[in-house]
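S.K.: Compact mmCIF, C-alpha atoms, saved as coords-v7.txt, coming up:
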# COMPACT_ATOMS: atom_id res chain seq x y z
CA MET C 1 -9.52 -6.03 35.68
CA ALA C 2 -8.87 -9.55 34.39
CA LEU C 3 -10.69 -8.26 31.33
CA VAL C 4 -7.54 -6.53 30.10
CA ALA C 5 -5.63 -9.81 30.08
CA GLU C 6 -8.43 -11.28 27.98
CA PHE C 7 -8.49 -8.35 25.57
CA LEU C 8 -4.72 -8.39 25.14
CA GLY C 9 -5.03 -11.95 23.94
CA GLN C 10 -7.19 -10.74 21.10
CA LEU C 11 -4.99 -7.98 19.76
CA THR C 12 -2.56 -8.26 16.89
CA LEU C 13 0.59 -6.42 15.98
CA ASP C 14 -1.32 -4.67 13.20
CA VAL C 15 -2.03 -2.13 15.91
CA PHE C 16 1.46 -0.77 15.57
CA GLY C 17 2.98 1.01 12.62
CA ASP C 18 1.31 2.56 9.64
CA ASN C 19 -0.54 0.29 7.34
CA ASP C 20 0.95 1.92 4.28
CA PRO C 21 4.41 3.26 5.04
CA LYS C 22 5.90 5.36 2.28
CA TYR C 23 9.08 4.52 0.41
CA PRO C 24 9.36 7.08 -2.38
CA THR C 25 12.32 7.56 -4.67
CA VAL C 26 11.20 11.06 -5.63
CA GLU C 27 10.76 13.65 -2.91
CA ALA C 28 10.38 17.41 -2.67
CA VAL C 29 13.75 19.15 -2.92
CA PRO C 30 14.54 21.39 0.05
CA ASP C 31 15.79 24.62 -1.57
CA PHE C 32 13.22 24.79 -4.30
CA ASP C 33 13.18 27.74 -6.69
CA PRO C 34 10.27 27.42 -9.15
CA GLU C 35 11.31 30.55 -11.02
CA LYS C 36 14.77 29.22 -11.73
CA ASP C 37 13.43 25.82 -12.75
CA ALA C 38 10.82 27.38 -15.02
CA ALA C 39 13.47 29.55 -16.67
CA ARG C 40 15.75 26.57 -17.27
CA ILE C 41 12.89 24.59 -18.79
CA GLU C 42 11.92 27.48 -21.03
CA THR C 43 15.50 27.65 -22.30
CA ALA C 44 15.64 23.89 -22.72
CA ILE C 45 12.49 23.88 -24.84
CA GLN C 46 13.68 26.74 -27.03
CA THR C 47 17.15 25.26 -27.55
CA LYS C 48 17.66 23.90 -31.04
CA GLY C 49 16.99 20.16 -30.90
CA VAL C 50 15.41 20.56 -27.46
CA ASP C 51 17.56 20.04 -24.38
CA GLU C 52 15.78 16.92 -23.10
CA LYS C 53 18.43 16.31 -20.44
CA THR C 54 17.58 19.49 -18.54
CA ILE C 55 13.86 18.80 -18.72
CA ILE C 56 14.43 15.29 -17.41
CA ASP C 57 16.86 16.46 -14.70
CA ILE C 58 14.39 18.98 -13.34
CA LEU C 59 11.01 17.30 -13.65
CA THR C 60 12.04 13.82 -12.48
CA LYS C 61 13.67 15.27 -9.39
CA ARG C 62 10.80 17.35 -8.04
CA SER C 63 7.68 16.30 -6.14
CA TYR C 64 4.35 16.58 -7.94
CA SER C 65 3.36 19.74 -6.12
CA GLN C 66 6.72 21.30 -6.95
CA ARG C 67 6.19 20.42 -10.61
CA ARG C 68 2.88 22.25 -10.50
CA ASP C 69 4.60 25.30 -9.02
CA ILE C 70 7.10 25.21 -11.86
CA ALA C 71 4.28 25.00 -14.41
CA PHE C 72 2.64 28.00 -12.77
CA SER C 73 5.88 30.03 -12.88
CA TYR C 74 6.46 28.95 -16.47
CA GLU C 75 3.06 30.17 -17.57
CA ARG C 76 3.61 33.49 -15.86
CA ARG C 77 6.94 34.17 -17.56
CA ALA C 78 6.49 32.46 -20.96
CA LYS C 79 2.79 33.33 -21.31
CA LYS C 80 2.28 29.80 -22.52
CA ASP C 81 0.98 26.62 -20.91
CA MET C 82 3.98 24.48 -19.95
CA ILE C 83 2.27 21.19 -20.67
CA THR C 84 1.36 22.28 -24.19
CA ALA C 85 4.94 23.44 -24.72
CA LEU C 86 6.30 20.11 -23.49
CA LYS C 87 3.88 18.23 -25.74
CA GLY C 88 5.16 20.14 -28.70
CA SER C 89 8.84 19.62 -27.99
CA LEU C 90 9.01 16.03 -26.74
CA LYS C 91 7.99 12.85 -28.46
CA GLY C 92 7.48 9.14 -27.99
CA SER C 93 7.81 7.37 -24.67
CA LEU C 94 9.70 10.29 -23.11
CA GLU C 95 6.77 12.58 -23.86
CA THR C 96 4.32 10.10 -22.33
CA LEU C 97 6.47 9.85 -19.21
CA ILE C 98 6.96 13.60 -18.70
CA LEU C 99 3.29 14.39 -19.32
CA GLY C 100 2.41 11.64 -16.85
CA LEU C 101 4.58 13.32 -14.23
CA MET C 102 2.64 16.53 -14.72
CA LYS C 103 -0.61 14.88 -13.64
CA SER C 104 -1.63 14.25 -10.04
CA THR C 105 -1.73 10.62 -8.93
CA ALA C 106 -5.51 10.46 -9.20
CA GLN C 107 -5.58 12.27 -12.54
CA TYR C 108 -2.94 9.96 -13.94
CA ASP C 109 -4.74 6.87 -12.68
CA ALA C 110 -8.06 8.14 -14.04
CA SER C 111 -6.52 8.85 -17.48
CA GLU C 112 -4.87 5.43 -17.61
CA ILE C 113 -8.17 3.75 -16.78
CA LYS C 114 -9.99 5.82 -19.38
CA ALA C 115 -7.36 4.98 -22.00
CA SER C 116 -7.69 1.27 -21.26
CA MET C 117 -11.40 1.42 -22.12
CA LYS C 118 -11.24 3.77 -25.09
CA GLY C 119 -12.21 2.68 -28.52
CA LEU C 120 -12.89 -0.77 -29.83
CA GLY C 121 -11.90 -3.43 -27.34
CA THR C 122 -10.53 -2.99 -23.85
CA ASP C 123 -7.03 -3.24 -22.48
CA GLU C 124 -8.11 -5.58 -19.69
CA GLU C 125 -4.62 -6.04 -18.30
CA THR C 126 -4.31 -2.34 -17.54
CA LEU C 127 -7.83 -2.13 -16.17
CA ILE C 128 -7.13 -5.08 -13.88
CA GLU C 129 -3.81 -3.62 -12.72
CA MET C 130 -5.39 -0.27 -11.88
CA VAL C 131 -8.57 -1.41 -10.19
CA CYS C 132 -7.07 -4.29 -8.24
CA SER C 133 -4.01 -2.50 -6.87
CA ARG C 134 -5.49 0.80 -5.70
CA SER C 135 -6.68 1.27 -2.11
CA ASN C 136 -10.13 2.46 -1.00
CA LYS C 137 -8.91 6.00 -0.56
CA GLU C 138 -7.20 6.01 -3.95
CA LEU C 139 -10.28 4.60 -5.72
CA VAL C 140 -12.60 7.17 -4.17
CA GLU C 141 -10.30 9.96 -5.36
CA ILE C 142 -9.98 8.37 -8.82
CA LYS C 143 -13.76 8.20 -9.20
CA ARG C 144 -14.11 11.85 -8.27
CA VAL C 145 -11.39 13.00 -10.65
CA TYR C 146 -12.67 10.73 -13.43
CA LYS C 147 -16.05 12.41 -13.24
CA GLU C 148 -14.40 15.84 -13.31
CA MET C 149 -12.16 15.02 -16.25
CA PHE C 150 -14.48 12.97 -18.43
CA LYS C 151 -17.94 13.97 -17.21
CA LYS C 152 -18.87 10.30 -16.88
CA ASP C 153 -19.22 7.85 -14.00
CA LEU C 154 -16.39 5.37 -13.80
CA GLU C 155 -18.86 2.62 -12.83
CA LYS C 156 -21.01 3.26 -15.89
CA ASP C 157 -18.02 3.13 -18.20
CA ILE C 158 -16.74 -0.09 -16.66
CA ALA C 159 -20.21 -1.63 -16.93
CA GLY C 160 -20.36 -0.62 -20.56
CA ASP C 161 -16.97 -2.00 -21.39
CA THR C 162 -16.84 -5.30 -19.53
CA SER C 163 -19.28 -8.11 -18.85
CA GLY C 164 -20.17 -11.09 -16.71
CA ASP C 165 -18.45 -11.90 -13.43
CA PHE C 166 -15.36 -9.91 -14.46
CA CYS C 167 -17.54 -6.82 -14.66
CA LYS C 168 -19.21 -7.64 -11.33
CA LEU C 169 -15.82 -7.97 -9.61
CA LEU C 170 -14.53 -4.66 -10.98
CA LEU C 171 -17.71 -2.85 -9.98
CA ALA C 172 -17.55 -4.34 -6.48
CA LEU C 173 -13.95 -3.14 -6.10
CA VAL C 174 -14.65 0.30 -7.50
CA GLN C 175 -17.44 0.76 -4.95
CA ALA C 176 -14.55 1.11 -2.50
CA ASN C 177 -16.49 -0.54 0.32
CA ARG C 178 -13.50 -2.36 1.71
CA GLU C 179 -13.50 -2.40 5.54
CA GLU C 180 -10.71 -0.52 7.25
CA PRO C 181 -8.20 -2.64 9.16
CA SER C 182 -9.19 -2.94 12.81
CA ASN C 183 -7.23 -3.54 16.00
CA ILE C 184 -9.33 -6.53 16.87
CA VAL C 185 -8.79 -9.87 15.16
CA ASP C 186 -12.10 -11.62 14.61
CA TYR C 187 -11.01 -15.25 14.62
CA VAL C 188 -14.58 -16.44 14.21
CA LYS C 189 -15.10 -14.39 11.07
CA ILE C 190 -11.73 -15.45 9.67
CA ASP C 191 -12.79 -19.05 9.99
CA GLN C 192 -16.24 -18.38 8.52
CA ASP C 193 -14.77 -16.55 5.53
CA ALA C 194 -12.16 -19.24 4.91
CA ARG C 195 -14.84 -21.93 4.99
CA ALA C 196 -17.13 -19.86 2.75
CA LEU C 197 -14.38 -19.39 0.16
CA TYR C 198 -13.69 -23.12 0.19
CA GLU C 199 -17.32 -24.14 -0.07
CA ALA C 200 -17.97 -21.64 -2.85
CA GLY C 201 -15.07 -22.90 -4.94
CA VAL C 202 -12.98 -26.03 -4.58
CA LYS C 203 -15.55 -27.95 -2.55
CA ARG C 204 -18.38 -27.75 -5.06
CA LYS C 205 -18.94 -28.32 -8.73
CA GLY C 206 -18.56 -25.01 -10.50
CA THR C 207 -17.94 -21.83 -8.54
CA ASP C 208 -20.11 -19.45 -6.57
CA VAL C 209 -18.20 -16.42 -7.82
CA ALA C 210 -20.51 -13.97 -6.05
CA THR C 211 -19.30 -15.19 -2.64
CA TRP C 212 -15.68 -14.83 -3.68
CA ILE C 213 -16.35 -11.34 -4.98
CA THR C 214 -18.12 -10.26 -1.79
CA ILE C 215 -15.43 -11.52 0.55
CA MET C 216 -12.48 -10.31 -1.48
CA SER C 217 -13.90 -6.86 -2.14
CA GLN C 218 -15.28 -6.06 1.31
CA ARG C 219 -12.96 -7.50 3.94
CA SER C 220 -9.92 -5.55 5.09
CA VAL C 221 -6.53 -6.55 3.73
CA PRO C 222 -4.97 -7.80 7.00
CA HIS C 223 -8.14 -9.83 7.64
CA LEU C 224 -7.97 -11.39 4.18
CA CYS C 225 -4.33 -12.37 4.63
CA LYS C 226 -5.34 -14.32 7.72
CA VAL C 227 -8.33 -15.80 5.86
CA PHE C 228 -6.08 -17.12 3.10
CA ASP C 229 -3.90 -18.72 5.77
CA ARG C 230 -6.87 -20.38 7.46
CA TYR C 231 -8.15 -21.39 4.02
CA LYS C 232 -5.25 -23.83 3.75
CA SER C 233 -6.67 -25.86 6.61
CA TYR C 234 -9.86 -26.50 4.60
CA SER C 235 -8.64 -26.73 1.06
CA PRO C 236 -5.98 -29.01 -0.39
CA TYR C 237 -5.02 -26.11 -2.67
CA ASP C 238 -3.95 -22.68 -1.45
CA MET C 239 -5.87 -19.60 -2.54
CA LYS C 240 -3.77 -18.91 -5.67
CA GLU C 241 -3.98 -22.52 -6.86
CA SER C 242 -7.71 -22.58 -6.17
CA ILE C 243 -8.23 -19.45 -8.26
CA CYS C 244 -6.41 -21.05 -11.19
CA LYS C 245 -8.50 -24.18 -10.83
CA GLU C 246 -11.87 -22.51 -10.45
CA VAL C 247 -11.92 -19.55 -12.84
CA LYS C 248 -10.30 -18.56 -16.09
CA GLY C 249 -9.48 -15.56 -18.26
CA ASP C 250 -9.85 -12.01 -17.01
CA LEU C 251 -11.63 -13.13 -13.87
CA GLU C 252 -8.72 -15.40 -12.98
CA LYS C 253 -6.19 -12.63 -13.70
CA SER C 254 -8.15 -10.21 -11.51
CA PHE C 255 -8.38 -12.52 -8.50
CA LEU C 256 -4.71 -13.43 -8.80
CA THR C 257 -3.81 -9.73 -8.97
CA LEU C 258 -5.93 -9.00 -5.89
CA VAL C 259 -4.29 -11.78 -3.88
CA ALA C 260 -0.81 -10.70 -5.02
CA CYS C 261 -1.54 -7.12 -3.95
CA PHE C 262 -2.94 -8.18 -0.57
CA GLU C 263 0.15 -10.23 0.17
CA ASN C 264 2.84 -7.93 -1.17
CA LYS C 265 1.88 -5.03 -3.38
CA GLN C 266 5.44 -3.92 -4.06
CA LEU C 267 6.41 -7.41 -5.17
CA TYR C 268 3.42 -7.38 -7.53
CA PHE C 269 4.65 -4.16 -9.15
CA ALA C 270 8.22 -5.44 -9.27
CA ASN C 271 7.07 -8.55 -11.13
CA ARG C 272 4.91 -6.53 -13.46
CA LEU C 273 7.93 -4.33 -14.29
CA ALA C 274 10.14 -7.34 -14.89
CA GLU C 275 7.55 -8.94 -17.17
CA ALA C 276 6.98 -5.73 -19.13
CA MET C 277 10.66 -5.10 -19.73
CA LYS C 278 11.50 -8.67 -20.70
CA SER C 279 8.79 -8.80 -23.34
CA LYS C 280 9.78 -7.95 -26.87
CA GLY C 281 9.40 -4.25 -27.50
CA ALA C 282 9.50 -3.59 -23.74
CA LYS C 283 5.89 -2.75 -22.92
CA GLU C 284 6.90 0.81 -22.30
CA LYS C 285 3.40 1.96 -21.41
CA VAL C 286 3.33 -0.40 -18.44
CA VAL C 287 6.84 0.51 -17.32
CA THR C 288 6.12 4.24 -17.59
CA ARG C 289 2.88 3.89 -15.70
CA ILE C 290 4.31 1.98 -12.77
CA MET C 291 7.42 4.18 -12.50
CA VAL C 292 5.42 7.42 -12.69
CA SER C 293 2.56 6.38 -10.42
CA ARG C 294 4.72 4.80 -7.72
CA CYS C 295 7.82 7.04 -7.62
CA GLU C 296 6.31 9.19 -4.87
CA VAL C 297 4.64 6.25 -3.11
CA ASP C 298 6.72 3.09 -2.74
CA LEU C 299 9.14 2.74 -5.65
CA MET C 300 12.04 2.34 -3.22
CA LYS C 301 10.43 -0.76 -1.74
CA ILE C 302 9.58 -2.03 -5.22
CA ARG C 303 13.31 -1.82 -6.00
CA THR C 304 14.13 -3.93 -2.95
CA GLU C 305 11.54 -6.55 -3.85
CA PHE C 306 12.74 -6.50 -7.46
CA LYS C 307 16.34 -7.26 -6.48
CA LYS C 308 15.26 -9.97 -4.04
CA GLN C 309 13.05 -11.69 -6.58
CA HIS C 310 15.04 -11.28 -9.78
CA SER C 311 18.64 -11.14 -8.47
CA LYS C 312 19.24 -8.12 -10.66
CA SER C 313 18.56 -4.53 -9.70
CA LEU C 314 15.74 -2.57 -11.29
CA TYR C 315 18.32 0.02 -12.34
CA GLN C 316 20.34 -2.56 -14.27
CA THR C 317 17.26 -4.06 -15.88
CA ILE C 318 16.10 -0.66 -17.09
CA THR C 319 19.59 -0.06 -18.54
CA GLU C 320 19.46 -3.32 -20.45
CA HIS C 321 15.95 -3.05 -21.85
CA THR C 322 15.41 0.61 -22.65
CA LYS C 323 17.44 3.31 -24.36
CA GLY C 324 17.87 6.98 -25.10
CA ASP C 325 16.29 9.83 -23.22
CA TYR C 326 13.43 7.60 -22.12
CA GLN C 327 15.96 5.41 -20.34
CA LYS C 328 17.56 8.46 -18.71
CA ALA C 329 14.19 9.55 -17.36
CA LEU C 330 13.39 6.10 -15.99
CA LEU C 331 16.79 5.82 -14.31
CA SER C 332 16.29 9.23 -12.76
CA LEU C 333 12.90 8.22 -11.34
CA CYS C 334 14.43 4.96 -10.15
CA GLY C 335 16.78 6.94 -7.98
CA GLY C 336 19.76 4.62 -7.83
CA ASP C 337 21.27 1.19 -8.26
CA ASP C 338 20.85 -1.58 -5.68
CA MET M 1 -3.45 7.47 50.25
CA PRO M 2 -2.60 7.31 46.52
CA SER M 3 -5.53 7.26 44.11
CA GLU M 4 -6.16 4.32 41.79
CA LEU M 5 -4.78 6.27 38.87
CA GLU M 6 -1.67 7.32 40.83
CA ARG M 7 -1.08 3.68 41.73
CA ALA M 8 -1.42 2.68 38.08
CA MET M 9 1.19 5.24 37.05
CA GLU M 10 3.49 4.07 39.84
CA SER M 11 3.15 0.48 38.59
CA LEU M 12 4.17 1.57 35.09
CA ILE M 13 7.33 3.11 36.48
CA THR M 14 8.27 0.34 38.91
CA VAL M 15 7.61 -2.47 36.41
CA PHE M 16 9.72 -0.67 33.80
CA HIS M 17 12.63 -0.22 36.19
CA ARG M 18 12.43 -3.74 37.53
CA TYR M 19 13.32 -5.04 34.06
CA ALA M 20 15.47 -2.14 32.88
CA SER M 21 17.85 -2.51 35.81
CA LYS M 22 18.73 -6.13 35.05
CA GLU M 23 21.69 -5.21 32.87
CA GLY M 24 23.55 -2.31 31.33
CA ASP M 25 21.87 1.08 31.55
CA SER M 26 19.30 0.73 34.35
CA ASN M 27 17.08 3.41 32.87
CA THR M 28 16.56 1.74 29.53
CA LEU M 29 15.41 -1.63 28.24
CA SER M 30 17.77 -3.60 26.04
CA LYS M 31 16.12 -6.02 23.62
CA ARG M 32 16.78 -8.83 26.09
CA GLU M 33 15.21 -6.89 28.94
CA LEU M 34 12.24 -5.94 26.73
CA ARG M 35 11.75 -9.58 25.82
CA SER M 36 11.85 -10.55 29.50
CA LEU M 37 9.32 -7.83 30.36
CA MET M 38 6.92 -8.88 27.62
CA GLU M 39 7.19 -12.59 28.38
CA ASN M 40 6.40 -11.98 32.03
CA GLU M 41 4.07 -8.99 32.01
CA LEU M 42 2.35 -9.32 28.60
CA ALA M 43 2.49 -13.08 28.06
CA GLY M 44 -1.07 -13.35 26.74
CA PHE M 45 -0.54 -10.63 24.16
CA LEU M 46 2.80 -12.05 23.03
CA LYS M 47 1.42 -15.57 22.61
CA SER M 48 -1.52 -14.41 20.51
CA GLN M 49 0.83 -12.84 17.96
CA LYS M 50 1.93 -16.34 16.91
CA ASP M 51 4.95 -14.59 15.45
CA PRO M 52 8.35 -15.52 16.83
CA ALA M 53 9.72 -12.20 15.59
CA ALA M 54 7.07 -10.17 17.42
CA VAL M 55 9.47 -8.80 20.04
CA ASP M 56 11.96 -7.78 17.34
CA LYS M 57 9.23 -5.93 15.45
CA ILE M 58 7.98 -4.21 18.58
CA MET M 59 11.54 -3.27 19.56
CA LYS M 60 12.10 -1.72 16.14
CA ASP M 61 8.84 0.21 16.38
CA LEU M 62 9.50 1.50 19.88
CA ASP M 63 13.15 2.46 19.51
CA ALA M 64 12.32 5.83 17.99
CA ASN M 65 15.85 7.27 18.17
CA GLY M 66 17.42 4.04 16.94
CA ASP M 67 19.93 3.65 19.76
CA GLY M 68 19.10 -0.02 20.43
CA GLU M 69 17.61 0.81 23.81
CA VAL M 70 14.03 1.61 24.82
CA ASN M 71 13.71 4.41 27.35
CA PHE M 72 10.65 4.96 29.51
CA GLU M 73 9.07 7.42 27.08
CA GLU M 74 9.40 4.96 24.21
CA PHE M 75 8.14 2.12 26.40
CA VAL M 76 5.09 4.03 27.51
CA SER M 77 3.92 4.41 23.91
CA LEU M 78 3.55 0.62 23.76
CA VAL M 79 1.41 0.64 26.89
CA VAL M 80 -0.67 3.50 25.49
CA GLY M 81 -1.26 1.74 22.17
CA LEU M 82 -2.31 -1.46 23.91
CA SER M 83 -4.53 0.43 26.35
CA ILE M 84 -6.35 2.19 23.54
CA ALA M 85 -6.95 -1.10 21.75
CA CYS M 86 -8.12 -2.75 24.98
CA GLU M 87 -10.49 0.12 25.64
CA GLN M 88 -12.09 -0.51 22.25
CA CYS M 89 -12.57 -4.15 23.23
CA TYR M 90 -13.96 -2.96 26.53
CA GLN M 91 -16.57 -0.80 24.78
CA LEU M 92 -17.71 -3.80 22.71
CA HIS M 93 -17.80 -5.89 25.87
CA LEU M 94 -20.04 -3.34 27.60
CA LYS M 95 -22.36 -3.26 24.61
CA LYS M 96 -22.63 -7.04 24.66
CA GLN M 97 -23.37 -7.02 28.40
CA GLN M 98 -26.13 -4.45 27.88
CA GLN M 99 -27.72 -6.54 25.15
CA GLN M 100 -27.52 -9.66 27.30
CA GLY M 101 -29.01 -7.77 30.26
CA LYS M 102 -32.01 -6.83 28.14
CA ARG M 103 -32.93 -10.44 27.35
Written as structure tokens, how would this file's structure read?
M.R.:
Amino acid sequence: MALVAEFLGQLTLDVFGDNDPKYPTVEAVPDFDPEKDAARIETAIQTKGVDEKTIIDILTKRSYSQRRDIAFSYERRAKKDMITALKGSLKGSLETLILGLMKSTAQYDASEIKASMKGLGTDEETLIEMVCSRSNKELVEIKRVYKEMFKKDLEKDIAGDTSGDFCKLLLALVQANREEPSNIVDYVKIDQDARALYEAGVKRKGTDVATWITIMSQRSVPHLCKVFDRYKSYSPYDMKESICKEVKGDLEKSFLTLVACFENKQLYFANRLAEAMKSKGAKEKVVTRIMVSRCEVDLMKIRTEFKKQHSKSLYQTITEHTKGDYQKALLSLCGGDD
Amino acid sequence: MPSELERAMESLITVFHRYASKEGDSNTLSKRELRSLMENELAGFLKSQKDPAAVDKIMKDLDANGDGEVNFEEFVSLVVGLSIACEQCYQLHLKKQQQQGKR
């Protein structure tokens, strides 16, 4: 079958290896004893002045499902809800971090998104970070949990809180219609998409944002990476430069975030962490969110990217820009120095 | 008289050993031997990767026990992965033929 030779010429290496390998810094501990952990936490909470160290030592070194087991054991023995007890005994950024650890990934993401839209005005930066960096699977789960927790549709809330093309882009992403990566590389489509992006943006006066939104929200990530490559043969500016030239404000930030996440999601988070910690009054909310939401996903890889990009380890940077028990908790989640 | 499938399996084994026996352990492929095998037996596939580090990546993927050598079992997983992908192409090809036949 000469056909096989022909087919082999069409395949790419994406066939091999997981698309999203995991590099967590926090994993389930092998000899896990929820009763013992729950007892130690109960003691820590009741200790005069609250023994934060023990709480941090236990909760930052267990997987999410183990934390839930501890909460269950705690409630059985103390006849109280562990989360309520923690809320009452911890404060500030440490409290936010520990309570974040007690939520599932989807619950945490859903709460962060809700918080970004609450009240007067919207925290667009957070909304952009959340919606543009989560995968199809994650977004579907977030939507489901959001509905459960807040009895509202995520799409409706986004539509109510944002407007214009920015709103359209977020809604398109939240639809979670992105194609799954395929074994077959469609060179014709790559070329068509690259040309379409060029003609909708740099080539013409103004920008046909709708085309950009469609392509960037529906095509698979490996496909888009090849499209951006091919794009360079049509446009004098690469995709990132074109985005800066064609759109502004929240729309620009969103597209740039999307492209950064397609190319190297862990580098995106590493840069976000660096930015947040360098800013005056280290944007602790951002740091907490990234550390908590990625510690069981790919924080180890984020550390590597961080060191490569910023010449300093994440561990060291946290030490320099945060303090107290909050710092201890972050360092524990970080897992080690590089 | 071996069946077509039996001959295919024999080819897998003989091709593997032809390259594995070039140096060192004759039952495993070193990276050099793997490169030689892919350049000769899977040239089309290798070229379409357009990635000079393709063989290194594949070697890393295949060497499941990390001993720097690819044994037959590890090698066969490459062939299986490629066969599955080719079969998907084949299905599309058949569909296209059917549609063309209808016109």
S.K.: Under the rule of at most 10 Å, produce a per-residue listing of chain M near chain C: chain, number, name, the closest pair of atoms, and the distance in Å, as a Markdown table, using all atoms listed in the file.
M.R.:
| residue | atom | partner | partner_atom | distance |
| --- | --- | --- | --- | --- |
| M:Glu41 | CA | C:Ala5 | CA | 9.9 |
| M:Leu42 | CA | C:Leu8 | CA | 7.9 |
| M:Ala43 | CA | C:Gly9 | CA | 8.6 |
| M:Gly44 | CA | C:Gly9 | CA | 5.0 |
| M:Phe45 | CA | C:Gly9 | CA | 4.7 |
| M:Leu46 | CA | C:Gly9 | CA | 7.9 |
| M:Lys47 | CA | C:Gly9 | CA | 7.5 |
| M:Ser48 | CA | C:Gly9 | CA | 5.5 |
| M:Gln49 | CA | C:Thr12 | CA | 5.8 |
| M:Lys50 | CA | C:Thr12 | CA | 9.2 |
| M:Asp51 | CA | C:Leu13 | CA | 9.3 |
| M:Ala54 | CA | C:Leu13 | CA | 7.6 |
| M:Lys57 | CA | C:Leu13 | CA | 8.7 |
| M:Ile58 | CA | C:Phe16 | CA | 8.0 |
| M:Asp61 | CA | C:Gly17 | CA | 7.0 |
| M:Leu62 | CA | C:Phe16 | CA | 9.4 |
| M:Leu78 | CA | C:Phe16 | CA | 8.6 |
| M:Gly81 | CA | C:Val15 | CA | 7.4 |
| M:Leu82 | CA | C:Leu8 | CA | 7.4 |
| M:Ser83 | CA | C:Val4 | CA | 8.5 |
| M:Ile84 | CA | C:Asn183 | CA | 9.5 |
| M:Ala85 | CA | C:Asn183 | CA | 6.3 |
| M:Cys86 | CA | C:Phe7 | CA | 5.6 |
| M:Glu87 | CA | C:Val4 | CA | 8.5 |
| M:Gln88 | CA | C:Asn183 | CA | 8.5 |
| M:Cys89 | CA | C:Phe7 | CA | 6.3 |
| M:Tyr90 | CA | C:Phe7 | CA | 7.7 |
| M:His93 | CA | C:Leu3 | CA | 9.3 |
S.K.: If we draw a sphere of 12 Å around (-9.4, -4.6, 4.0), which residues have at least one atom in it when counting only C-alpha atoms? Please report them as a PyMOL selection string.
M.R.: chain C and resi 19+134-137+173+176-182+214-227+258-259+261-263
S.K.: Atom CA of C:Gly249 and atom CA of C:Leu170 are how many Å apart?
M.R.: 14.0 Å
S.K.: Have a look at atom CA of C:Ala78 and atom CA of C:Leu101 and let me know their distance in Å, one decimal.
M.R.: 20.4 Å
S.K.: To one decimal in Å, tell me the separation between atom CA of C:Val287 and atom CA of C:Ile55.
M.R.: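 The value is 19.6 Å.
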